[in-house]
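Raw upload21.txt, compact mmCIF, C-alpha atoms and all ligand atoms:
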# COMPACT_ATOMS: atom_id res chain seq x y z
CA MET A 801 84.41 -38.17 63.80
CA THR A 802 86.95 -39.36 66.38
CA LEU A 803 85.91 -41.86 69.04
CA SER A 804 85.90 -39.18 71.75
CA ASP A 805 83.72 -36.90 69.57
CA LEU A 806 81.39 -39.83 69.02
CA ALA A 807 81.25 -40.59 72.76
CA ALA A 808 80.45 -36.93 73.48
CA GLU A 809 77.70 -37.00 70.84
CA ALA A 810 76.26 -40.20 72.35
CA ALA A 811 76.21 -38.54 75.79
CA ARG A 812 74.49 -35.48 74.31
CA GLN A 813 71.88 -37.60 72.55
CA PHE A 814 71.31 -39.61 75.72
CA LYS A 815 70.62 -36.44 77.71
CA LEU A 816 68.26 -35.16 75.00
CA THR A 817 66.36 -38.47 74.99
CA TYR A 818 66.23 -39.35 78.67
CA GLY A 819 66.79 -36.01 80.41
CA HIS A 820 69.96 -36.86 82.36
CA PRO A 821 73.57 -37.83 81.54
CA PRO A 822 74.43 -41.49 80.83
CA ARG A 823 76.21 -43.69 83.34
CA TRP A 824 78.01 -45.84 80.77
CA ILE A 825 79.43 -45.22 77.31
CA VAL A 826 80.75 -48.21 75.37
CA ALA A 827 82.04 -48.67 71.83
CA ALA A 828 82.92 -51.46 69.39
CA PRO A 829 84.64 -50.99 66.02
CA GLY A 830 83.86 -52.23 62.52
CA ARG A 831 86.61 -53.97 60.59
CA VAL A 832 88.29 -54.31 57.27
CA ASN A 833 89.89 -57.59 56.32
CA VAL A 834 93.29 -57.07 54.69
CA ILE A 835 93.33 -60.64 53.37
CA GLY A 836 91.94 -64.10 54.20
CA GLU A 837 88.43 -64.05 52.79
CA HIS A 838 85.95 -66.86 53.27
CA THR A 839 88.62 -68.80 55.11
CA ASP A 840 87.31 -68.41 58.68
CA TYR A 841 84.58 -71.05 58.41
CA ASN A 842 87.13 -73.36 56.78
CA ASP A 843 89.36 -73.27 59.88
CA GLY A 844 91.88 -71.09 58.02
CA PHE A 845 93.70 -67.81 58.72
CA VAL A 846 92.35 -64.26 58.46
CA LEU A 847 94.16 -60.93 58.75
CA PRO A 848 91.67 -58.19 59.67
CA MET A 849 92.06 -54.89 61.49
CA ALA A 850 89.56 -52.87 63.48
CA ILE A 851 88.79 -49.52 61.84
CA GLU A 852 88.13 -46.07 63.24
CA ARG A 853 84.39 -46.50 62.69
CA TYR A 854 82.32 -47.49 65.66
CA VAL A 855 79.01 -48.44 67.15
CA VAL A 856 78.64 -46.46 70.38
CA MET A 857 76.05 -46.87 73.12
CA ALA A 858 75.33 -44.54 76.01
CA ALA A 859 73.20 -46.04 78.76
CA ASP A 860 71.89 -45.96 82.30
CA LEU A 861 69.80 -48.20 84.51
CA ALA A 862 66.04 -47.97 84.03
CA ALA A 863 62.91 -49.74 85.24
CA GLU A 864 63.41 -53.51 85.68
CA GLY A 865 62.25 -55.87 82.98
CA GLY A 866 62.97 -53.96 79.80
CA VAL A 867 65.74 -52.42 77.69
CA ALA A 868 64.82 -49.38 75.59
CA ILE A 869 67.23 -48.54 72.76
CA TYR A 870 66.90 -45.31 70.83
CA ASP A 871 68.67 -45.46 67.46
CA VAL A 872 69.70 -41.92 66.61
CA GLU A 873 70.00 -42.54 62.86
CA PHE A 874 66.70 -44.38 62.41
CA LYS A 875 65.00 -42.11 64.99
CA GLN A 876 63.38 -45.25 66.29
CA THR A 877 63.14 -46.91 69.71
CA ALA A 878 63.24 -50.66 70.19
CA TRP A 879 61.96 -52.13 73.44
CA ILE A 880 63.18 -55.54 74.53
CA ASP A 881 61.48 -57.53 77.26
CA VAL A 882 64.25 -58.99 79.42
CA SER A 883 61.95 -60.29 82.17
CA LYS A 884 61.84 -63.61 80.30
CA PRO A 885 64.08 -65.35 77.75
CA VAL A 886 64.69 -62.80 74.99
CA THR A 887 63.27 -63.78 71.60
CA LYS A 888 63.45 -62.43 68.05
CA GLY A 889 61.32 -59.39 67.39
CA GLU A 890 60.86 -56.00 65.77
CA PRO A 891 62.40 -53.77 64.58
CA LYS A 892 64.70 -55.99 62.56
CA TRP A 893 67.93 -54.29 63.73
CA SER A 894 67.04 -55.05 67.34
CA ASN A 895 67.68 -58.75 66.67
CA TYR A 896 71.44 -58.22 66.87
CA LEU A 897 70.97 -56.89 70.39
CA ARG A 898 68.32 -59.48 71.23
CA GLY A 899 70.66 -62.30 70.21
CA VAL A 900 73.40 -61.08 72.52
CA MET A 901 70.98 -60.58 75.40
CA ALA A 902 69.64 -64.11 74.91
CA GLY A 903 73.25 -65.37 75.02
CA PHE A 904 73.85 -63.53 78.30
CA GLN A 905 70.70 -65.03 79.79
CA ARG A 906 71.83 -68.50 78.74
CA ARG A 907 74.99 -67.89 80.76
CA GLY A 908 72.74 -67.37 83.78
CA GLU A 909 73.03 -63.58 83.84
CA LYS A 910 70.10 -61.36 84.71
CA ILE A 911 69.88 -58.34 82.40
CA PRO A 912 69.00 -55.15 84.26
CA GLY A 913 66.48 -52.64 82.95
CA LEU A 914 68.34 -50.16 80.74
CA ALA A 915 67.81 -46.96 78.79
CA VAL A 916 70.18 -46.86 75.81
CA VAL A 917 71.06 -44.53 72.96
CA LEU A 918 72.74 -46.05 69.91
CA LEU A 919 74.95 -44.26 67.39
CA SER A 920 77.02 -45.75 64.58
CA THR A 921 79.61 -44.57 62.08
CA VAL A 922 80.05 -48.05 60.55
CA PRO A 923 78.20 -47.87 57.22
CA LEU A 924 75.28 -50.30 57.09
CA GLY A 925 75.50 -53.00 54.44
CA GLY A 926 79.00 -51.82 53.54
CA GLY A 927 80.68 -55.11 54.38
CA LEU A 928 82.56 -53.49 57.28
CA SER A 929 80.85 -55.62 59.93
CA SER A 930 78.32 -53.16 61.23
CA SER A 931 76.39 -56.12 62.62
CA ALA A 932 79.36 -57.61 64.49
CA ALA A 933 80.13 -54.14 65.89
CA LEU A 934 76.53 -53.88 67.10
CA GLU A 935 76.66 -57.31 68.71
CA VAL A 936 80.01 -56.73 70.38
CA CYS A 937 78.94 -53.26 71.55
CA THR A 938 75.83 -54.81 73.15
CA ALA A 939 77.96 -57.45 74.88
CA THR A 940 80.29 -54.71 76.14
CA LEU A 941 77.36 -52.72 77.49
CA LEU A 942 76.06 -55.80 79.32
CA GLU A 943 79.53 -56.35 80.77
CA ALA A 944 79.50 -52.76 82.04
CA ALA A 945 75.96 -52.92 83.37
CA THR A 946 76.36 -56.30 85.11
CA GLY A 947 79.93 -55.67 86.25
CA LYS A 948 80.91 -59.07 84.86
CA THR A 949 83.77 -59.07 82.38
CA MET A 950 83.80 -61.92 79.91
CA ASP A 951 86.76 -63.78 78.52
CA PRO A 952 87.38 -62.16 75.08
CA VAL A 953 87.03 -65.46 73.18
CA ALA A 954 83.76 -66.32 74.95
CA LYS A 955 82.50 -62.81 74.26
CA ALA A 956 83.28 -63.04 70.53
CA LEU A 957 81.69 -66.50 70.31
CA LEU A 958 78.56 -65.28 72.07
CA ALA A 959 78.27 -62.45 69.52
CA GLN A 960 78.81 -64.90 66.64
CA GLN A 961 76.04 -67.13 67.99
CA ALA A 962 73.71 -64.13 68.08
CA GLU A 963 74.41 -63.61 64.37
CA HIS A 964 73.71 -67.28 63.61
CA GLU A 965 70.51 -67.54 65.62
CA PHE A 966 68.98 -64.08 65.47
CA ALA A 967 70.18 -62.81 62.06
CA GLY A 968 70.24 -66.16 60.26
CA VAL A 969 73.77 -65.72 58.86
CA PRO A 970 76.04 -68.76 59.43
CA CYS A 971 79.11 -66.51 59.64
CA GLY A 972 82.60 -67.51 60.76
CA ILE A 973 84.41 -65.99 63.74
CA MET A 974 86.46 -63.22 62.09
CA ASP A 975 84.22 -60.20 62.48
CA GLN A 976 83.33 -60.64 66.12
CA PHE A 977 86.92 -61.58 67.07
CA ILE A 978 88.45 -58.46 65.54
CA SER A 979 85.77 -56.19 67.01
CA VAL A 980 86.62 -57.59 70.45
CA MET A 981 90.39 -58.02 70.06
CA GLY A 982 91.56 -55.26 67.70
CA ARG A 983 94.64 -53.36 68.85
CA GLU A 984 95.71 -49.87 67.78
CA GLY A 985 98.47 -50.00 65.15
CA HIS A 986 98.07 -53.75 64.58
CA LEU A 987 96.47 -56.27 62.28
CA LEU A 988 95.22 -59.46 63.89
CA LEU A 989 96.40 -62.77 62.45
CA LEU A 990 93.76 -65.20 63.63
CA ASP A 991 94.01 -68.94 63.30
CA CYS A 992 90.33 -69.79 63.10
CA ARG A 993 90.97 -73.42 63.99
CA THR A 994 92.87 -72.95 67.25
CA ARG A 995 91.54 -69.39 67.80
CA LYS A 996 95.11 -68.39 68.51
CA THR A 997 95.69 -64.72 67.72
CA GLU A 998 98.86 -62.88 66.88
CA LEU A 999 99.13 -59.11 66.65
CA VAL A 1000 100.99 -57.99 63.54
CA PRO A 1001 102.28 -54.42 63.87
CA MET A 1002 101.26 -52.14 61.01
CA SER A 1003 102.55 -48.74 61.88
CA ASP A 1004 104.78 -47.90 58.90
CA PRO A 1005 103.90 -44.25 58.22
CA ALA A 1006 104.75 -44.77 54.53
CA VAL A 1007 101.59 -46.77 53.83
CA GLU A 1008 97.87 -46.46 54.41
CA LEU A 1009 94.82 -48.57 53.86
CA LEU A 1010 92.11 -46.93 51.82
CA ILE A 1011 88.59 -48.26 52.15
CA ILE A 1012 86.48 -47.77 49.05
CA ASN A 1013 82.76 -48.31 49.53
CA THR A 1014 81.11 -49.14 46.19
CA ASN A 1015 77.80 -48.15 47.78
CA VAL A 1016 76.33 -51.36 46.44
CA LYS A 1017 74.59 -52.79 49.50
CA HIS A 1018 75.89 -56.16 50.53
CA GLU A 1019 73.43 -58.66 51.94
CA LEU A 1020 74.69 -61.94 53.38
CA GLY A 1021 71.31 -63.19 54.53
CA SER A 1022 70.34 -63.87 50.91
CA GLY A 1023 71.61 -67.45 50.98
CA GLU A 1024 74.72 -67.16 48.80
CA TYR A 1025 76.95 -67.12 51.89
CA ALA A 1026 75.38 -70.29 53.28
CA LYS A 1027 75.68 -71.86 49.82
CA ARG A 1028 79.45 -71.17 49.70
CA ARG A 1029 79.83 -72.70 53.15
CA ALA A 1030 77.99 -75.84 52.07
CA GLU A 1031 80.14 -76.12 48.91
CA CYS A 1032 83.30 -75.94 51.03
CA GLU A 1033 81.98 -78.66 53.33
CA ALA A 1034 81.16 -80.81 50.29
CA ALA A 1035 84.73 -80.36 49.00
CA ALA A 1036 86.20 -81.33 52.38
CA ARG A 1037 84.05 -84.47 52.45
CA ILE A 1038 85.25 -85.52 49.00
CA LEU A 1039 88.85 -84.84 50.05
CA SER A 1040 88.26 -86.82 53.27
CA VAL A 1041 89.58 -84.01 55.46
CA PRO A 1042 87.89 -82.40 58.49
CA SER A 1043 87.99 -78.99 56.77
CA LEU A 1044 89.70 -77.32 53.80
CA ARG A 1045 92.41 -76.10 56.17
CA ASP A 1046 93.71 -79.68 56.08
CA ALA A 1047 93.87 -79.96 52.28
CA THR A 1048 96.77 -79.09 50.00
CA ALA A 1049 96.62 -77.82 46.43
CA SER A 1050 98.06 -81.08 45.13
CA GLN A 1051 95.52 -83.16 47.06
CA LEU A 1052 92.80 -81.06 45.49
CA GLU A 1053 94.24 -81.59 42.00
CA SER A 1054 94.32 -85.33 42.49
CA CYS A 1055 90.63 -85.33 43.50
CA ARG A 1056 89.53 -82.90 40.81
CA GLY A 1057 87.78 -85.62 38.78
CA LYS A 1058 85.66 -86.58 41.78
CA MET A 1059 84.00 -83.19 42.26
CA GLU A 1060 81.78 -80.79 40.38
CA GLY A 1061 83.65 -77.91 38.76
CA VAL A 1062 82.07 -75.35 41.04
CA VAL A 1063 83.01 -77.26 44.21
CA TYR A 1064 86.57 -77.62 42.89
CA ARG A 1065 86.85 -73.87 42.29
CA ARG A 1066 85.48 -73.00 45.73
CA ALA A 1067 88.08 -75.29 47.33
CA ARG A 1068 90.85 -73.88 45.12
CA HIS A 1069 90.04 -70.40 46.37
CA VAL A 1070 90.04 -71.39 50.04
CA ILE A 1071 93.25 -73.44 49.90
CA GLY A 1072 95.07 -70.67 47.99
CA GLU A 1073 93.68 -67.91 50.20
CA ILE A 1074 94.84 -69.56 53.43
CA GLU A 1075 98.37 -69.71 52.03
CA ARG A 1076 98.21 -66.11 50.78
CA THR A 1077 97.11 -64.92 54.21
CA VAL A 1078 100.06 -66.49 55.99
CA HIS A 1079 102.43 -64.97 53.41
CA ALA A 1080 100.75 -61.58 53.65
CA ALA A 1081 101.25 -61.52 57.43
CA GLU A 1082 104.96 -62.22 56.83
CA GLY A 1083 104.98 -59.44 54.24
CA VAL A 1084 103.42 -56.95 56.66
CA ARG A 1085 105.97 -57.86 59.34
CA ALA A 1086 108.78 -57.24 56.82
CA SER A 1087 107.16 -54.08 55.39
CA ASN A 1088 107.26 -55.83 52.00
CA TRP A 1089 104.39 -53.75 50.64
CA THR A 1090 104.87 -54.75 47.01
CA GLY A 1091 104.60 -58.40 48.01
CA VAL A 1092 101.52 -57.81 50.17
CA GLY A 1093 99.93 -55.85 47.33
CA GLN A 1094 100.46 -58.69 44.85
CA LEU A 1095 98.80 -61.11 47.27
CA MET A 1096 95.83 -58.74 47.54
CA TYR A 1097 95.37 -58.69 43.77
CA ALA A 1098 95.63 -62.49 43.63
CA SER A 1099 93.06 -62.77 46.42
CA HIS A 1100 90.66 -60.58 44.49
CA ALA A 1101 91.04 -62.55 41.27
CA SER A 1102 90.36 -65.77 43.15
CA LEU A 1103 87.28 -64.33 44.91
CA ARG A 1104 86.02 -63.01 41.57
CA ASP A 1105 86.67 -66.08 39.39
CA ASP A 1106 86.69 -69.11 41.70
CA TYR A 1107 84.60 -68.10 44.66
CA GLU A 1108 82.27 -65.80 42.67
CA VAL A 1109 81.47 -63.39 45.48
CA SER A 1110 82.58 -60.16 43.79
CA CYS A 1111 80.38 -57.89 41.66
CA SER A 1112 81.04 -55.58 38.71
CA GLU A 1113 81.41 -52.50 40.93
CA LEU A 1114 84.03 -54.14 43.18
CA ASP A 1115 85.85 -55.38 40.07
CA ALA A 1116 85.73 -51.85 38.68
CA VAL A 1117 87.43 -50.44 41.81
CA VAL A 1118 90.16 -53.09 41.73
CA ASP A 1119 90.75 -52.57 37.98
CA ILE A 1120 91.04 -48.82 38.47
CA ALA A 1121 93.44 -49.23 41.41
CA GLU A 1122 95.52 -51.76 39.49
CA GLY A 1123 95.58 -49.36 36.55
CA LEU A 1124 97.11 -46.66 38.79
CA GLY A 1125 99.61 -49.27 39.96
CA LEU A 1126 102.88 -48.57 41.71
CA PRO A 1127 103.65 -45.36 39.79
CA GLY A 1128 100.25 -44.10 40.94
CA GLY A 1129 100.99 -45.10 44.55
CA VAL A 1130 98.88 -48.29 44.75
CA TYR A 1131 100.48 -51.52 46.01
CA GLY A 1132 97.39 -53.70 45.92
CA CYS A 1133 93.63 -53.78 46.10
CA ARG A 1134 90.90 -56.33 46.70
CA MET A 1135 87.30 -56.73 47.74
CA THR A 1136 86.96 -57.16 51.50
CA GLY A 1137 84.38 -58.96 53.64
CA GLY A 1138 81.63 -61.28 52.49
CA GLY A 1139 81.30 -59.74 49.04
CA PHE A 1140 78.33 -59.19 46.69
CA GLY A 1141 78.85 -55.44 47.13
CA GLY A 1142 80.29 -53.47 50.00
CA CYS A 1143 83.89 -52.31 50.14
CA ALA A 1144 87.28 -52.79 48.55
CA VAL A 1145 90.50 -52.18 50.44
CA ALA A 1146 93.62 -50.71 48.84
CA LEU A 1147 97.15 -50.62 50.22
CA VAL A 1148 98.60 -47.29 49.12
CA LYS A 1149 101.55 -44.93 49.58
CA ALA A 1150 100.63 -42.51 52.36
CA GLY A 1151 101.88 -39.46 50.49
CA GLN A 1152 99.54 -40.12 47.56
CA VAL A 1153 96.27 -40.74 49.39
CA ALA A 1154 94.54 -37.54 48.26
CA ASP A 1155 95.51 -38.05 44.64
CA ILE A 1156 94.53 -41.75 44.61
CA THR A 1157 91.20 -41.00 46.31
CA GLN A 1158 90.31 -38.41 43.72
CA LYS A 1159 91.39 -40.61 40.79
CA ILE A 1160 89.48 -43.68 41.99
CA ALA A 1161 86.36 -41.62 42.75
CA THR A 1162 86.33 -40.03 39.28
CA ALA A 1163 87.04 -43.22 37.35
CA TYR A 1164 84.52 -45.25 39.42
CA GLN A 1165 81.78 -42.72 38.77
CA ALA A 1166 82.57 -42.73 35.05
CA LYS A 1167 82.63 -46.52 34.86
CA THR A 1168 79.59 -47.38 36.99
CA GLY A 1169 77.50 -44.23 37.24
CA ARG A 1170 77.72 -44.52 41.03
CA ALA A 1171 79.51 -42.42 43.65
CA ALA A 1172 82.01 -44.24 45.86
CA THR A 1173 82.70 -43.25 49.47
CA ILE A 1174 86.42 -43.40 50.19
CA PHE A 1175 88.20 -43.04 53.51
CA SER A 1176 91.35 -44.26 55.20
CA SER A 1177 91.76 -45.79 58.62
CA ARG A 1178 94.61 -46.69 60.89
CA PRO A 1179 94.23 -49.98 62.76
CA ALA A 1180 92.04 -49.21 65.76
CA ALA A 1181 91.49 -50.73 69.22
CA GLY A 1182 88.76 -53.27 69.93
CA ALA A 1183 85.63 -52.79 72.01
CA ALA A 1184 85.94 -50.78 75.22
CA ILE A 1185 84.02 -49.26 78.09
CA LEU A 1186 84.73 -45.56 77.62
CA GLN A 1187 82.86 -44.34 80.66
CA GLY A 1188 81.51 -45.99 83.76
C1 LIG B 1 81.43 -62.20 56.53
C2 LIG B 1 81.37 -63.19 57.67
F1 LIG B 1 80.64 -62.69 58.70
C3 LIG B 1 82.76 -63.58 58.15
O1 LIG B 1 82.69 -64.59 59.13
C4 LIG B 1 83.64 -64.04 56.97
O2 LIG B 1 83.28 -65.33 56.56
C5 LIG B 1 83.55 -63.06 55.81
O3 LIG B 1 82.19 -62.75 55.46
C6 LIG B 1 84.25 -63.56 54.58
O4 LIG B 1 85.60 -63.68 54.81
O5 LIG B 1 81.96 -60.99 56.95
Please rewrite the model in this file as structure tokens.
Ligand code: GAF
Amino acid sequence: MTLSDLAAEAARQFKLTYGHPPRWIVAAPGRVNVIGEHTDYNDGFVLPMAIERYVVMAADLAAEGGVAIYDVEFKQTAWIDVSKPVTKGEPKWSNYLRGVMAGFQRRGEKIPGLAVVLLSTVPLGGGLSSSAALEVCTATLLEAATGKTMDPVAKALLAQQAEHEFAGVPCGIMDQFISVMGREGHLLLLDCRTRKTELVPMSDPAVELLIINTNVKHELGSGEYAKRRAECEAAARILSVPSLRDATASQLESCRGKMEGVVYRRARHVIGEIERTVHAAEGVRASNWTGVGQLMYASHASLRDDYEVSCSELDAVVDIAEGLGLPGGVYGCRMTGGGFGGCAVALVKAGQVADITQKIATAYQAKTGRAATIFSSRPAAGAAILQG
């Protein structure tokens, strides 16, 4: 579904639910990370793009004091009391919105009463940042409804804080930044230390990014994510650097004897991945697709063996893609996002997309007994007010 189809559907659902057309329609995209995994909370580089999958909200003013949100997929309404400081509550998904509303209140903003309809085409638990899209979409709606536009960095940080405090995931800044700052036809090279962003054009019609959802649900709240973060901090302490961004591979080797094997491997992944990300951005700029593809495979191996955030289904997808290789139209493939399930991303020759999709789907089913969901996306624009 295109974004304008989705906006029209949100307007239709709003009218069905509340009896009149919406005043505002806003949207925020999900993302796929091309490379730079588990580097954001180590002050490193990431290279994500916004995808043509969105959370969309249609809304209008309503009685003061409360925000009602009807989720079309869950067929469920959440009601949030905004007459006092917003707190965590039920249903669980409403916490992403609650967290953003609480952040707005902390900035001294009064949240008006609202009637909202929520639609999403970002698969849940697919590692494509459905939660960041929901947070950023909520922030965009509040911008529209209060008439106060936020600075994009402040907006992304507010959404990240909502994730920390209301969803309990100590995530980095990548997902919220790309959902706010994505640009059509571009990847976003983000320096997570300085928060400096650079748009990297990716409009070569000869290549496409395929997103392969293993349909193994990924769950970052389970504690493994926080554990990885703590291991990275432990490595930085041993190396006497503020963060792993400041460490080199040779420094790490010289301190190897001072750290547990697992901490050493986590650091080796992060240090290598930061370097790969910078090289991959250069590769994209030069349309050196073979080079970018090799970096993607290396990233996957490192996430699988050193960082241990892959799973057998993601490994199966990458093995199948690598088996097709260049003659089969595949430049590179890797898991994307937090890991433990979710999606892989493959850089492929545009002319062979249909063939590659069919081959990966068949081989994945045979190998794992599961059905994959495969789609391609061009780099999309970040969050926007579509109406109002
Ligand atoms: C998740 C987090 F939310 C991001 O901040 C990032 O750390 C990613 O996992 C791994 O690169 O999506």
Legend entry - Cut-off 6 Å, only C-alpha atoms and all ligand atoms, neighbours of ligand LIG 1 (chain B) as an MDAnalysis selection string: chainID A and resid 837:840 971:975 1137:1138
Taking C-alpha atoms for each residue, export the selection above as a compact mmCIF listing (two decimals), keeping the file's coordinate frame.
# COMPACT_ATOMS: atom_id res chain seq x y z
CA GLU A 837 88.43 -64.05 52.79
CA HIS A 838 85.95 -66.86 53.27
CA THR A 839 88.62 -68.80 55.11
CA ASP A 840 87.31 -68.41 58.68
CA CYS A 971 79.11 -66.51 59.64
CA GLY A 972 82.60 -67.51 60.76
CA ILE A 973 84.41 -65.99 63.74
CA MET A 974 86.46 -63.22 62.09
CA ASP A 975 84.22 -60.20 62.48
CA GLY A 1137 84.38 -58.96 53.64
CA GLY A 1138 81.63 -61.28 52.49
Per-residue nearest contacts segment 853-932 of chain A to segment 946-960 of chain A, cut-off 12 Å, using all atoms listed in the file, as a tab-separated table:
residue	atom	partner	partner_atom	distance
A:Asp860	CA	A:Thr946	CA	11.6
A:Leu861	CA	A:Thr946	CA	10.4
A:Asn895	CA	A:Ala959	CA	11.6
A:Tyr896	CA	A:Ala959	CA	8.5
A:Leu897	CA	A:Ala959	CA	9.2
A:Arg898	CA	A:Ala959	CA	10.5
A:Gly899	CA	A:Ala959	CA	7.6
A:Val900	CA	A:Ala959	CA	5.9
A:Met901	CA	A:Leu958	CA	9.5
A:Ala902	CA	A:Leu958	CA	9.4
A:Gly903	CA	A:Leu958	CA	6.1
A:Phe904	CA	A:Leu958	CA	8.0
A:Gln905	CA	A:Leu958	CA	11.0
A:Arg906	CA	A:Leu958	CA	10.0
A:Arg907	CA	A:Leu958	CA	9.8
A:Gly908	CA	A:Lys948	CA	11.7
A:Glu909	CA	A:Thr946	CA	8.1
A:Lys910	CA	A:Thr946	CA	8.1
A:Ile911	CA	A:Thr946	CA	7.3
A:Pro912	CA	A:Thr946	CA	7.5
A:Gly913	CA	A:Thr946	CA	10.8
A:Leu914	CA	A:Thr946	CA	11.0
A:Ser929	CA	A:Gln960	CA	11.6
A:Ser931	CA	A:Ala959	CA	9.6
A:Ala932	CA	A:Ala959	CA	7.1
Legend entry - Residue list as an MDAnalysis selection string for point (86.7, -81.8, 57.7), cut-off 12 Å, all atoms listed in the file: chainID A and resid 841:844 993 1030 1032:1047
Selection file, C-alpha atoms, as a PDB file, keeping the file's coordinate frame:
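Result saved to result01.pdb:
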ATOM      1  CA  TYR A 841      84.580 -71.050  58.410  1.00  0.00           C
ATOM      2  CA  ASN A 842      87.130 -73.360  56.780  1.00  0.00           C
ATOM      3  CA  ASP A 843      89.360 -73.270  59.880  1.00  0.00           C
ATOM      4  CA  GLY A 844      91.880 -71.090  58.020  1.00  0.00           C
ATOM      5  CA  ARG A 993      90.970 -73.420  63.990  1.00  0.00           C
ATOM      6  CA  ALA A1030      77.990 -75.840  52.070  1.00  0.00           C
ATOM      7  CA  CYS A1032      83.300 -75.940  51.030  1.00  0.00           C
ATOM      8  CA  GLU A1033      81.980 -78.660  53.330  1.00  0.00           C
ATOM      9  CA  ALA A1034      81.160 -80.810  50.290  1.00  0.00           C
ATOM     10  CA  ALA A1035      84.730 -80.360  49.000  1.00  0.00           C
ATOM     11  CA  ALA A1036      86.200 -81.330  52.380  1.00  0.00           C
ATOM     12  CA  ARG A1037      84.050 -84.470  52.450  1.00  0.00           C
ATOM     13  CA  ILE A1038      85.250 -85.520  49.000  1.00  0.00           C
ATOM     14  CA  LEU A1039      88.850 -84.840  50.050  1.00  0.00           C
ATOM     15  CA  SER A1040      88.260 -86.820  53.270  1.00  0.00           C
ATOM     16  CA  VAL A1041      89.580 -84.010  55.460  1.00  0.00           C
ATOM     17  CA  PRO A1042      87.890 -82.400  58.490  1.00  0.00           C
ATOM     18  CA  SER A1043      87.990 -78.990  56.770  1.00  0.00           C
ATOM     19  CA  LEU A1044      89.700 -77.320  53.800  1.00  0.00           C
ATOM     20  CA  ARG A1045      92.410 -76.100  56.170  1.00  0.00           C
ATOM     21  CA  ASP A1046      93.710 -79.680  56.080  1.00  0.00           C
ATOM     22  CA  ALA A1047      93.870 -79.960  52.280  1.00  0.00           C
TER      23      ALA A1047
END
Legend entry - Computed interatomic separation between atom CA of Val856 of chain A and atom CA of Leu806 of chain A (Å):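 If I compute the distance from atom CA of Val856 of chain A to atom CA of Leu806 of chain A, I get 7.3 Å.
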Legend entry - Coordinates-based distance that separates atom CA of Lys892 of chain A from atom CA of Ala962 of chain A (Å, one decimal):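 Here the two named atoms are 13.3 Å from each other.
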Could you pull segment 880-893 of chain A out of the structure I just pasted and write it to a file containing C-alpha atoms, as a PDB file, in the first residue's frame?
ATOM      1  CA  ILE A 880      -4.897   8.040  27.906  1.00  0.00           C
ATOM      2  CA  ASP A 881      -5.565  10.562  30.647  1.00  0.00           C
ATOM      3  CA  VAL A 882      -3.634  13.711  29.706  1.00  0.00           C
ATOM      4  CA  SER A 883      -5.159  15.922  32.425  1.00  0.00           C
ATOM      5  CA  LYS A 884      -2.225  14.949  34.655  1.00  0.00           C
ATOM      6  CA  PRO A 885       1.311  13.639  34.043  1.00  0.00           C
ATOM      7  CA  VAL A 886       0.925  10.641  31.727  1.00  0.00           C
ATOM      8  CA  THR A 887       1.981   7.315  33.256  1.00  0.00           C
ATOM      9  CA  LYS A 888       2.463   3.757  32.028  1.00  0.00           C
ATOM     10  CA  GLY A 889      -0.721   1.804  31.497  1.00  0.00           C
ATOM     11  CA  GLU A 890      -2.770  -0.636  29.471  1.00  0.00           C
ATOM     12  CA  PRO A 891      -2.940  -1.837  26.762  1.00  0.00           C
ATOM     13  CA  LYS A 892       0.769  -2.524  26.462  1.00  0.00           C
ATOM     14  CA  TRP A 893       1.135  -0.918  23.002  1.00  0.00           C
TER      15      TRP A 893
END
